[in-house]
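A short write-up of the structure that comes next.
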Amino acid sequence: MSSDDRRRAIGKVTSVAADRFVIEMLGGTDNFTVVGFDDLHYVARLGSFLMIPAQSEYVVAEVVGLRERDVAGGGDGQLDKANSAKYLDVVPVGMLPANGDGRFRFGVSVFPSLYADALYALDGELDRIFDTEAAPVPSIGHGQADCVPAGATRFRNLGIGQSVVFEDYDVKVRIDDFFGGHVAVLGNTGSGKSCTVASILQALFEKPDEHHARGASFVVLDVNGEYDRAFGELPKKADIGVSRLVLDGSAEAGRFRLPHWYLDLSEWELLLQASERTQVPILRMALGLATLFGAANAARLNAVRNHILATCITLILGDETPPGAKQTRVRGILQRFQTVQINTASIVPMIAINYGNMPGVTAAIQFLEGGGLNAGFIIPNLKLPDYDGTPFDFATLGDAIDLALLYEESHGNRQIRDYCSSMVTRFKALEERSDYRFLRHDAAAAGDREAFLSTVLGLAPIVGGLTKAAQIVILDMNAVEDEVVELVSAVIARMVFRLLRQAEPRNRFPVHLLLEEAHRYVASTPSRHAVDASRIFERISKEGRKYGLFLIVASQRPSELSKTVLSQCSNFVVHRIQNPDDLSQIRQMTPFISDSVLRRLPSLPKQHALVFGNSVNLPTTFKVRRADPLPASDDAAIVDLWFHEAGRPTALRLGPGAPVDADA
């Protein structure tokens, strides 16, 4: 041990276990502070660190408890505080090379011997433990070109707040590790989650000199309408863009719309709650048929209609039912479905009843199947079209469902219409609901899928490709219900995921989806609404990293979040959490965190949080950097709003009218 180490010894290790040490402080110490050769050290503050030599390294131990054992005084019955034995309970957290050059590593491989010295930590050792290198590093140019402008820098670490244990210590996260994995921001309502998210992004984008984080892509699924205020000023402070898309369910100009043909088969199935055994095959067939309803496919659609209608009527005419029943069923079909060639005028005369018989049945079958000079309408080995996202009018899906049901009836399944009645009812409800107007599109006004994704990802065309026009894209969904939120978030996440999976080269365009109030649509239990968005987010949590798609999950109810999504998060920022179920969920998801760390969570003050994960060396409690401006999630000033003069108008408006009278 060096002479400096001897001078900063504050006690001896008197108990060694795999998960906890006990240190008895040196005799004569009348408090838990030490005047060292370099400064005054608070060695017994909960959360502070001690260094214990073990071979050529130090074991870094965190103080989790402090106590003393009193001894009797000199016969007067008084307790002698000056001579009482003082103990520190510490837990080992990592190893630090003693040579001053090596880096801190989490986990302990060598344990100290009994009666080893315990040393207070020097500032230089804390710098190495927290990896607090703050200076930006030189930036790089595009491809093999020189950096433009010369001398530009980039962040390596990002300050997110100040340590509550070590004065004047900025808490930083390694950007590659923090944003290179999924992040969970958790805490009770009002504990400061939204402010934390806003402050982290503000710190990232408020870099004072070149280069700014222009390559970032944050898509904010803002279900409470909070973030426009927090990020609206960023373009004035830094050379970045922020765009806001508003979804209010309407089809008004300037509002966010989602063309219904962007939904894939699984999303349609969930939206219409199609049962797997009977309704899903009909829905898939109908979606394929719907693509034929455009003007360009009129001839093909008519041929398919004729085939289905001819097959169905031929089946009826050839079965064993009485002629009267056959005629009634054929008339019923022709009332619902007719084509130019197969209609009431052409078929009904052939199936006329004469003294209980149907003499024209052979002619009718020959007309439909073909024979002689008549080619017929039945197409051998007909292959119905698959659904491929081709634009179609929303209303035509109803006609396509009817056609698909008729096709199934033509193959003998006479009960299929009853089996699918609930799905048909749900479709008709969607067709009429005003809050789904954003989904119902006209195929004639079909937009470009690439342009849609460019808007969502904040891209703009330039010569030779695309460039970032907006680094933050806020999708404001405050005005719509949870079922709409689930649908839109699932479709957007799936489209972005598919785009990045197909991108070449892979993983060169990182995208972060910020899921505000994630428990509402990334739930641990199946959704009670139409679309279960958890499916796509669980897949992204497991596979997204390799393609450059990451989740930032913000929630006040960890116990209601998808366990798959939460378990894949590699970094956590946890605010005050008091619900036992939520605490238990965090404990299960983070077995490497000690109970002493998790016990801090119920008592954390507002604007304080615990950060842990692979972007920081050690779990650290910090005061969050203040967001400026704040997101629109302020607490209600109850006293200010309650106690005022009579007749003051309220801030509440009902509809487009004047403020509501205070006495109303």
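Residue names in the structure tokens use chain letters A, B, ... in the order shown, residue numbers from 1 in each chain, and ligand numbers from 1 in the order shown.
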Residues of segment 404-494 of chain A at most 8 Å from segment 251-267 of chain A: nearest atom pair and distance in Å, only C-alpha atoms, as JSON lines:
{"residue": "A:Arg437", "atom": "CA", "partner": "A:Ala251", "partner_atom": "CA", "distance": 5.5}
{"residue": "A:Phe438", "atom": "CA", "partner": "A:Arg257", "partner_atom": "CA", "distance": 4.7}
{"residue": "A:Leu439", "atom": "CA", "partner": "A:Leu258", "partner_atom": "CA", "distance": 5.1}
{"residue": "A:Arg440", "atom": "CA", "partner": "A:His260", "partner_atom": "CA", "distance": 6.0}
{"residue": "A:His441", "atom": "CA", "partner": "A:Pro259", "partner_atom": "CA", "distance": 5.7}
{"residue": "A:Ala446", "atom": "CA", "partner": "A:Pro259", "partner_atom": "CA", "distance": 7.8}
{"residue": "A:Leu487", "atom": "CA", "partner": "A:Glu267", "partner_atom": "CA", "distance": 7.9}
{"residue": "A:Val488", "atom": "CA", "partner": "A:Leu258", "partner_atom": "CA", "distance": 7.6}
{"residue": "A:Val491", "atom": "CA", "partner": "A:Leu263", "partner_atom": "CA", "distance": 6.5}
Point-to-point distance from atom CA of Ala274 of chain A to atom CA of Ile416 of chain A, Å rounded to tenths: 13.2 Å
Which of segment 465-640 of chain A DSSP labels helix (DSSP H, G or I), written as a ChimeraX atom specification: /A:482-502,518-520,534-547,558-560,563-567,580-589,595-598,601-603,638-640
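Taking atom CA of Met25 of chain A and atom CA of Lys12 of chain A as endpoints, the distance between them is 6.4 Å.
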Run DSSP on the backbone and tell me which residues of segment 477-651 of chain A come out as strand (DSSP E or B); list them as a short mmCIF file (atom, residue, chain, number, x, y, z; two decimals) with C-alpha atoms, in the first residue's frame.
data_model
loop_
_atom_site.label_atom_id
_atom_site.label_comp_id
_atom_site.auth_asym_id
_atom_site.auth_seq_id
_atom_site.Cartn_x
_atom_site.Cartn_y
_atom_site.Cartn_z
CA VAL A 511 -34.74 5.75 -35.40
CA HIS A 512 -36.07 6.14 -31.85
CA LEU A 513 -39.76 5.69 -31.09
CA LEU A 514 -40.70 7.56 -27.93
CA LEU A 515 -43.75 5.82 -26.46
CA ALA A 523 -49.74 -3.71 -22.30
CA LEU A 549 -34.87 0.87 -34.41
CA PHE A 550 -35.02 1.66 -30.69
CA LEU A 551 -37.75 2.27 -28.12
CA ILE A 552 -37.88 4.90 -25.37
CA VAL A 553 -40.69 3.63 -23.17
CA ALA A 554 -42.21 6.11 -20.69
CA SER A 555 -44.80 4.76 -18.28
CA LEU A 561 -46.31 -2.85 -19.42
CA CYS A 569 -34.56 -2.41 -22.07
CA SER A 570 -30.87 -1.96 -21.38
CA ASN A 571 -31.13 1.40 -19.59
CA PHE A 572 -33.57 2.60 -16.94
CA VAL A 573 -34.35 6.05 -15.58
CA VAL A 574 -36.65 5.45 -12.63
CA HIS A 608 -34.98 13.14 -8.90
CA ALA A 609 -34.36 9.76 -10.50
CA LEU A 610 -32.21 6.66 -10.38
CA VAL A 611 -30.34 5.79 -13.57
CA PHE A 612 -28.84 2.38 -14.21
CA GLY A 613 -27.97 0.20 -17.14
CA THR A 620 -26.72 6.64 -9.64
CA THR A 621 -29.30 8.86 -7.99
CA PHE A 622 -29.37 12.30 -9.58
CA LYS A 623 -31.34 15.49 -9.82
CA VAL A 624 -32.65 15.74 -13.36
#
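Take the candidates A:Ser541, A:Pro619, A:Pro97, A:Leu88 and check each one against Ser594 of chain A using only C-alpha atoms; the shortest distance goes to A:Pro619.
From atom CA of Asp399 of chain A back to atom CA of Ile316 of chain A, the distance works out to 21.9 Å.
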Among the residues A:Thr650, A:Gly190, A:Ala145, A:Asp123, the one that comes closest to Ala636 of chain A [using only C-alpha atoms]: A:Gly190
Surrounding residues of Asp127 of chain A excluding itself and chain neighbours under 4 positions, 12 Å, only C-alpha atoms, as JSON, numbers by chain: {"A": [96, 100, 101, 102, 103, 104, 121, 122, 123, 131, 132, 133, 134, 166, 168, 169, 170, 171, 172, 617]}
Output of the above residues as a compact mmCIF listing (two decimals), in the first residue's frame, restricted to all heavy atoms:
# COMPACT_ATOMS: atom_id res chain seq x y z
N LEU A 96 -11.54 -1.33 -9.61
CA LEU A 96 -10.84 -0.19 -10.21
C LEU A 96 -9.34 -0.45 -10.12
O LEU A 96 -8.81 -0.62 -9.01
CB LEU A 96 -11.19 1.10 -9.48
CG LEU A 96 -10.69 2.40 -10.13
CD1 LEU A 96 -11.46 2.68 -11.42
CD2 LEU A 96 -10.85 3.58 -9.17
N GLY A 100 -4.11 3.85 -11.79
CA GLY A 100 -4.57 5.17 -12.20
C GLY A 100 -4.90 5.29 -13.66
O GLY A 100 -5.38 6.34 -14.11
N ASP A 101 -4.68 4.23 -14.45
CA ASP A 101 -4.96 4.29 -15.89
C ASP A 101 -6.14 3.41 -16.30
O ASP A 101 -6.84 3.73 -17.26
CB ASP A 101 -3.72 3.86 -16.69
CG ASP A 101 -2.55 4.82 -16.46
OD1 ASP A 101 -2.82 6.02 -16.28
OD2 ASP A 101 -1.40 4.35 -16.46
N GLY A 102 -6.31 2.30 -15.64
CA GLY A 102 -7.35 1.37 -16.04
C GLY A 102 -8.75 1.90 -15.79
O GLY A 102 -8.97 2.81 -14.99
N ARG A 103 -9.71 1.30 -16.46
CA ARG A 103 -11.10 1.74 -16.36
C ARG A 103 -11.85 0.91 -15.33
O ARG A 103 -11.54 -0.25 -15.07
CB ARG A 103 -11.79 1.64 -17.72
CG ARG A 103 -11.15 2.48 -18.80
CD ARG A 103 -11.91 2.39 -20.10
NE ARG A 103 -13.27 2.91 -19.96
CZ ARG A 103 -14.14 2.94 -20.95
NH1 ARG A 103 -13.82 2.46 -22.14
NH2 ARG A 103 -15.36 3.44 -20.76
N PHE A 104 -12.84 1.53 -14.75
CA PHE A 104 -13.71 0.84 -13.81
C PHE A 104 -14.50 -0.24 -14.54
O PHE A 104 -14.91 -0.07 -15.69
CB PHE A 104 -14.67 1.85 -13.18
CG PHE A 104 -15.75 1.23 -12.34
CD1 PHE A 104 -15.54 0.94 -11.01
CD2 PHE A 104 -16.99 0.93 -12.89
CE1 PHE A 104 -16.53 0.37 -10.24
CE2 PHE A 104 -17.99 0.36 -12.13
CZ PHE A 104 -17.77 0.08 -10.80
N ALA A 121 -12.54 7.77 -1.19
CA ALA A 121 -12.28 7.87 -2.63
C ALA A 121 -11.78 9.26 -2.98
O ALA A 121 -12.32 10.27 -2.52
CB ALA A 121 -13.56 7.57 -3.41
N LEU A 122 -10.76 9.30 -3.80
CA LEU A 122 -10.23 10.56 -4.31
C LEU A 122 -11.07 11.02 -5.50
O LEU A 122 -11.76 10.24 -6.16
CB LEU A 122 -8.78 10.38 -4.74
CG LEU A 122 -7.78 9.94 -3.64
CD1 LEU A 122 -6.42 9.68 -4.26
CD2 LEU A 122 -7.69 10.99 -2.55
N ASP A 123 -10.99 12.31 -5.80
CA ASP A 123 -11.76 12.86 -6.91
C ASP A 123 -11.39 12.19 -8.23
O ASP A 123 -12.25 11.92 -9.08
CB ASP A 123 -11.53 14.37 -7.03
CG ASP A 123 -12.22 15.15 -5.91
OD1 ASP A 123 -13.05 14.54 -5.21
OD2 ASP A 123 -11.92 16.35 -5.74
N ASP A 131 -16.82 7.77 -15.19
CA ASP A 131 -16.50 7.96 -16.60
C ASP A 131 -17.01 9.31 -17.07
O ASP A 131 -17.82 9.42 -18.00
CB ASP A 131 -17.12 6.83 -17.44
CG ASP A 131 -16.54 6.78 -18.85
OD1 ASP A 131 -15.51 7.45 -19.08
OD2 ASP A 131 -17.11 6.10 -19.70
N THR A 132 -16.53 10.37 -16.43
CA THR A 132 -17.10 11.70 -16.62
C THR A 132 -16.36 12.54 -17.66
O THR A 132 -16.41 13.76 -17.60
CB THR A 132 -17.10 12.47 -15.29
OG1 THR A 132 -15.77 12.53 -14.77
CG2 THR A 132 -18.01 11.80 -14.28
N GLU A 133 -15.70 11.92 -18.60
CA GLU A 133 -15.06 12.70 -19.66
C GLU A 133 -16.12 13.56 -20.36
O GLU A 133 -17.05 13.05 -20.97
CB GLU A 133 -14.39 11.77 -20.68
CG GLU A 133 -13.72 12.51 -21.81
CD GLU A 133 -13.17 11.56 -22.86
OE1 GLU A 133 -12.99 10.38 -22.56
OE2 GLU A 133 -12.92 12.03 -23.99
N ALA A 134 -15.97 14.86 -20.26
CA ALA A 134 -17.02 15.76 -20.73
C ALA A 134 -16.67 16.45 -22.05
O ALA A 134 -17.56 16.91 -22.76
CB ALA A 134 -17.31 16.83 -19.68
N PHE A 166 -22.54 13.20 -4.60
CA PHE A 166 -21.25 13.85 -4.78
C PHE A 166 -21.47 15.25 -5.33
O PHE A 166 -21.99 15.41 -6.45
CB PHE A 166 -20.36 13.03 -5.72
CG PHE A 166 -20.14 11.63 -5.24
CD1 PHE A 166 -20.86 10.58 -5.77
CD2 PHE A 166 -19.22 11.37 -4.24
CE1 PHE A 166 -20.67 9.29 -5.34
CE2 PHE A 166 -19.02 10.08 -3.80
CZ PHE A 166 -19.75 9.03 -4.33
N ASP A 168 -21.25 18.78 -7.04
CA ASP A 168 -20.64 19.30 -8.27
C ASP A 168 -20.26 18.20 -9.26
O ASP A 168 -19.39 18.40 -10.11
CB ASP A 168 -19.39 20.15 -7.95
CG ASP A 168 -19.72 21.31 -7.04
OD1 ASP A 168 -20.82 21.88 -7.19
OD2 ASP A 168 -18.88 21.65 -6.18
N TYR A 169 -20.91 17.04 -9.15
CA TYR A 169 -20.66 15.97 -10.11
C TYR A 169 -21.83 15.86 -11.07
O TYR A 169 -22.96 15.62 -10.66
CB TYR A 169 -20.45 14.63 -9.40
CG TYR A 169 -19.00 14.21 -9.37
CD1 TYR A 169 -18.18 14.58 -8.32
CD2 TYR A 169 -18.46 13.48 -10.42
CE1 TYR A 169 -16.85 14.22 -8.30
CE2 TYR A 169 -17.13 13.10 -10.40
CZ TYR A 169 -16.32 13.48 -9.34
OH TYR A 169 -15.01 13.14 -9.33
N ASP A 170 -21.54 16.08 -12.35
CA ASP A 170 -22.56 15.88 -13.36
C ASP A 170 -22.74 14.39 -13.63
O ASP A 170 -21.75 13.65 -13.77
CB ASP A 170 -22.18 16.57 -14.67
CG ASP A 170 -22.28 18.09 -14.57
OD1 ASP A 170 -23.07 18.56 -13.73
OD2 ASP A 170 -21.57 18.78 -15.32
N VAL A 171 -23.96 13.96 -13.69
CA VAL A 171 -24.26 12.58 -14.05
C VAL A 171 -24.39 12.52 -15.57
O VAL A 171 -25.18 13.26 -16.16
CB VAL A 171 -25.55 12.09 -13.36
CG1 VAL A 171 -25.92 10.70 -13.86
CG2 VAL A 171 -25.36 12.08 -11.86
N LYS A 172 -23.61 11.66 -16.18
CA LYS A 172 -23.58 11.56 -17.64
C LYS A 172 -23.86 10.12 -18.07
O LYS A 172 -23.58 9.18 -17.33
CB LYS A 172 -22.22 12.00 -18.19
CG LYS A 172 -21.87 13.46 -17.90
CD LYS A 172 -20.52 13.80 -18.49
CE LYS A 172 -20.20 15.27 -18.30
NZ LYS A 172 -20.06 15.61 -16.87
N ASN A 617 -21.73 3.39 -15.35
CA ASN A 617 -20.97 2.34 -14.69
C ASN A 617 -21.68 1.82 -13.45
O ASN A 617 -21.59 0.62 -13.13
CB ASN A 617 -19.58 2.86 -14.31
CG ASN A 617 -18.67 2.99 -15.51
OD1 ASN A 617 -18.93 2.38 -16.55
ND2 ASN A 617 -17.62 3.78 -15.39
Contacts of segment 418-422 of chain A at 12 Å (only C-alpha atoms; same-chain gap of 2+ positions) as a ChimeraX atom specification: /A:272-283,401-402,404-406,408-409,413-416,424-429
